[in-house]
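Have a look at the structure below, then the notes.
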Amino acid sequence: MTSEPDLPAATAVTGLTDEDFLADFHHTTVYGATAAGGIDRQAGTAEHGAVRAWFRARAEALGMTVTVDGIGNQYATYRWLPDGPTVLTGSHLDSQPLGGRFDGTYGVITALHAAARLNGEVRAGRLDPVHNLTVVDWFNEEGARFAPSIMGSSAMVGIKDRDEMLAVTDVDGVTVRDALESIGCLGTDAAPDVAAYAEIHIEQGRLLERNHTTIGAVTQSWYTQKLVVAVKGEQSHTGATVMADRHDALVAAAKIVVFTEDVVADYEPEKIVTSVGQFTVHPNSPIVVPREVDLVIDLRASAAADVLSARDTLRRKIADLAAERDIRIDVEDFDIRDIQHYPLDGVELTEKAAADAGVSCMRLETMAGHDSVAVNRIAPSVMVFIPSVDGVSHCEREFSTDGDMVAGVAAFTQIAGRLVTGALDTTAPGEPLTTGSSTTGPSTTERI
């Protein structure tokens with residue numbers, strides 16, 4: 001392993017200041033801005049296209065070369081060396097509906113400014129890189145409009161098939177391919193060869209805030225999976241069908257929602273979470289007993305065994321419910337993600353970088369999924385958090401302070417500087433925890 005560079009926190013070389021970073025970050029909030037202070041720019045929408053165009057222009061103004069691959073990932077590169085792999089850094093610019101302005105965007109703008117600062121160090125002769133440096137804006141990390149989430153990075157690393165992802169449709173029948181073409185982001189450039197990856201993100205939790213700590217060095221992701229549930233009853237007249245003759249899909253679906261919340265009661269607090277985030281009623285008429293309800297259950301835990309146990313409990317309860325109410329319920333496993341352990345060398349690198357930047361640091365796990373979970377399969381990856389006020393995310397109230405954001409830029413610049421000088425070149429990518437299931441999990445439907 002090469003010696004680590006002594007990188008200054010100051011930005012005199014590039015002329016970029018912390019105020020410049022904050023100006024760029026806060027400027028991005030105009031794209032898809034909501035009345036309550038959040039953003040709504042789902043993948044492939046006009047608002048998303050506008051902020052992505054701004055990213056390309058800003059990167060080019062900073063002297064970077066921008067390329068776009070066949071699933072819409074955008075790459076802005078400082079090519080200091082003629083060939084060889086690059087250090088990849090970044091996050092995503094798409095959001096949830098009525099989402100927050102920090103999720104994803106903070107990581108992209110931080111990576112952009114860290115890269116520009118390091119480019120100044122290279123040009124001044126104070127940093128001798130062995131790799132180039134690329135900032136990525138991943139396509140469709142959120143999965144709000146097009147499922148699954150983490151789409152662009154998963155296709156890039158080979159977990160998902162690109163053509164299959166391009167054919168995915170939203171609720172209106174628009175394909176990913178059509179959406180990318182509509183915003184000018186269906187590229188033909190090759191994805192880069194990645195030496196290492198680093199991503200900084202808001203925590204979306206309370207651990208850093210509770211512990212009065214500025215930087216989180218992420219050690220592992222949680223085991224996650226979804227259950228896609230179709231509750232199928234019989235459509236009938238709400239006023240003319242007696243109660244005993246009804247096969248109401250909505251009542252059964254409501255019970256499943258309650259099952260989903262109650263299932264965590266027997267597990268260690270704050271080590272497992274469940275929810276129903278998507279719920280669609282058919283035909284959704286005020287005078288029709290619903291014939292079908294489609295919903296998605298999200299299960300996540302620090303231990304894979306807890307998710308699998310909760311899943312089995314839910315399936316049993318759903319089977320009993322179907323028999324009790326004389327209806328059919330289809331349950332499909334979907335989007336299963338094994339635990340990813342981030343390399344210990346990267347965790348320790350984050351701790352050293354935080355110390356050199358003069359900020360506090362602690363180790364923690366990520367409950368949420370991130371693009372680093374995908375990239376960690378092909379290259380040693382570093383995942384970094386800054387605090388989220390009240391732990392709130394995926395809503396307009398999401399917030400991180402300017403002070404924490406600026407501190408994150410300082411630490412992340414240290415991290416990226418170490419990576420481009422080869423700090424993780426002898427480190428292997430992370431490995432999934434063996435759980436007995438495949439990486440992508442089963443794709444089976446159980447009819448109940």
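Going through the structure tokens in order, the chains are called A, B, and so on, while each chain numbers its residues from 1 and the ligands are numbered from 1 in the order shown.
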Give the alpha helix (DSSP H) residues of range 293-444 of chain A, as assigned by DSSP on the backbone, as number ranges by chain. A: 304-325, 344-357, 371-375, 402-420
At a cut-off of 9 Å, using only C-alpha atoms, what residues contact Glu292 in chain A? Leave out same-chain residues fewer than 6 positions from it and give the result as a PyMOL selection string. chain A and resi 230-235+248-250+253+280-283
Taking N, CA and C atoms for each residue, export the selection above as a short mmCIF file (atom, residue, chain, number, x, y, z; two decimals), in the first residue's frame.
```cif
data_model
loop_
_atom_site.label_atom_id
_atom_site.label_comp_id
_atom_site.auth_asym_id
_atom_site.auth_seq_id
_atom_site.Cartn_x
_atom_site.Cartn_y
_atom_site.Cartn_z
N ALA A 230 -50.31 -9.51 -4.39
CA ALA A 230 -51.54 -9.21 -5.14
C ALA A 230 -52.70 -9.89 -4.44
N VAL A 231 -53.56 -9.10 -3.82
CA VAL A 231 -54.74 -9.60 -3.12
C VAL A 231 -55.91 -9.57 -4.10
N LYS A 232 -56.47 -10.73 -4.41
CA LYS A 232 -57.48 -10.83 -5.47
C LYS A 232 -58.80 -11.33 -4.91
N GLY A 233 -59.77 -10.41 -4.83
CA GLY A 233 -61.10 -10.74 -4.39
C GLY A 233 -62.08 -10.73 -5.54
N GLU A 234 -63.23 -10.13 -5.32
CA GLU A 234 -64.25 -10.05 -6.37
C GLU A 234 -64.90 -8.68 -6.33
N GLN A 235 -64.98 -8.05 -7.47
CA GLN A 235 -65.61 -6.73 -7.58
C GLN A 235 -67.12 -6.87 -7.46
N ASP A 248 -63.91 -8.91 -0.37
CA ASP A 248 -63.31 -7.57 -0.42
C ASP A 248 -61.78 -7.67 -0.32
N ALA A 249 -61.12 -7.32 -1.43
CA ALA A 249 -59.65 -7.39 -1.44
C ALA A 249 -59.02 -6.33 -0.53
N LEU A 250 -59.70 -5.20 -0.37
CA LEU A 250 -59.12 -4.12 0.41
C LEU A 250 -59.06 -4.45 1.90
N ALA A 253 -56.20 -6.73 2.37
CA ALA A 253 -54.93 -6.01 2.20
C ALA A 253 -54.62 -5.15 3.42
N THR A 280 -51.95 -0.12 -4.13
CA THR A 280 -52.80 0.31 -5.24
C THR A 280 -54.10 -0.48 -5.22
N VAL A 281 -55.21 0.24 -5.23
CA VAL A 281 -56.54 -0.36 -5.14
C VAL A 281 -57.20 -0.35 -6.52
N HIS A 282 -57.82 -1.47 -6.89
CA HIS A 282 -58.55 -1.58 -8.15
C HIS A 282 -60.00 -1.98 -7.87
N PRO A 283 -61.01 -1.34 -8.46
CA PRO A 283 -60.89 -0.24 -9.43
C PRO A 283 -60.82 1.14 -8.79
#
```
Write out as a VMD selection string which residues come within 8 Å of range 207-224 of chain A when counting only C-alpha atoms, dropping same-chain ones fewer than 2 positions away. chain A and resid 203 205 226 298 to 304 307 335 to 344 347 350 to 351 354 359 to 369 373 382 to 391 404 407 to 408
Range 132-186 of chain A near range 107-122 of chain A within 8 Å: what's each residue's closest atom pair and its distance in Å to one decimal, counting only C-alpha atoms, ordered by chain then ascending residue number, as a tab-separated table?
```
residue	atom	partner	partner_atom	distance
A:Leu133	CA	A:Ala115	CA	6.9
A:Thr134	CA	A:Ala115	CA	7.8
A:Val135	CA	A:Ala111	CA	6.1
A:Val136	CA	A:Val108	CA	7.2
A:Asp137	CA	A:Val108	CA	6.4
```
Kindly export the residues of the current selection with N, CA and C atoms, as a JSON list (two decimals), in the first residue's frame.
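Result file part_7.json:
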```
[["chain", "number", "residue", "atom", "x", "y", "z"],
["A", 133, "LEU", "N", -9.65, 10.16, -11.87],
["A", 133, "LEU", "CA", -10.75, 10.37, -10.92],
["A", 133, "LEU", "C", -12.02, 10.70, -11.68],
["A", 134, "THR", "N", -13.08, 9.99, -11.39],
["A", 134, "THR", "CA", -14.36, 10.15, -12.07],
["A", 134, "THR", "C", -15.47, 10.38, -11.06],
["A", 135, "VAL", "N", -16.33, 11.36, -11.35],
["A", 135, "VAL", "CA", -17.53, 11.60, -10.56],
["A", 135, "VAL", "C", -18.73, 11.05, -11.34],
["A", 136, "VAL", "N", -19.51, 10.19, -10.70],
["A", 136, "VAL", "CA", -20.65, 9.58, -11.37],
["A", 136, "VAL", "C", -21.97, 10.11, -10.80],
["A", 137, "ASP", "N", -22.90, 10.34, -11.70],
["A", 137, "ASP", "CA", -24.30, 10.61, -11.35],
["A", 137, "ASP", "C", -25.09, 9.39, -11.82]]
```
Find, counting only C-alpha atoms, the residue in A:Gly99, A:Gly63, A:Gly125, A:Gly90 that gets nearest to Gly37 in chain A.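 Between A:Gly99, A:Gly63, A:Gly125, A:Gly90, the residue approaching Gly37 in chain A most closely is A:Gly99.
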If you run DSSP on this backbone, which residues of range 67-304 of chain A come out as strand (DSSP E), and could you give them as JSON, numbers by chain? {"A": [67, 68, 74, 75, 76, 77, 78, 86, 87, 88, 89, 90, 91, 92, 132, 133, 134, 135, 136, 137, 138, 194, 195, 196, 197, 198, 199, 200, 201, 202, 215, 216, 217, 218, 219, 220, 221, 223, 224, 225, 226, 227, 228, 229, 230, 231, 232, 236, 237, 272, 273, 274, 275, 276, 277, 278, 279, 280, 281, 282, 288, 289, 292, 293, 294, 295, 296, 297, 298, 299, 300, 301]}
Between CA of Thr421 in chain A and CA of Val130 in chain A, measure the distance and give it in Å to one decimal. 5.2 Å
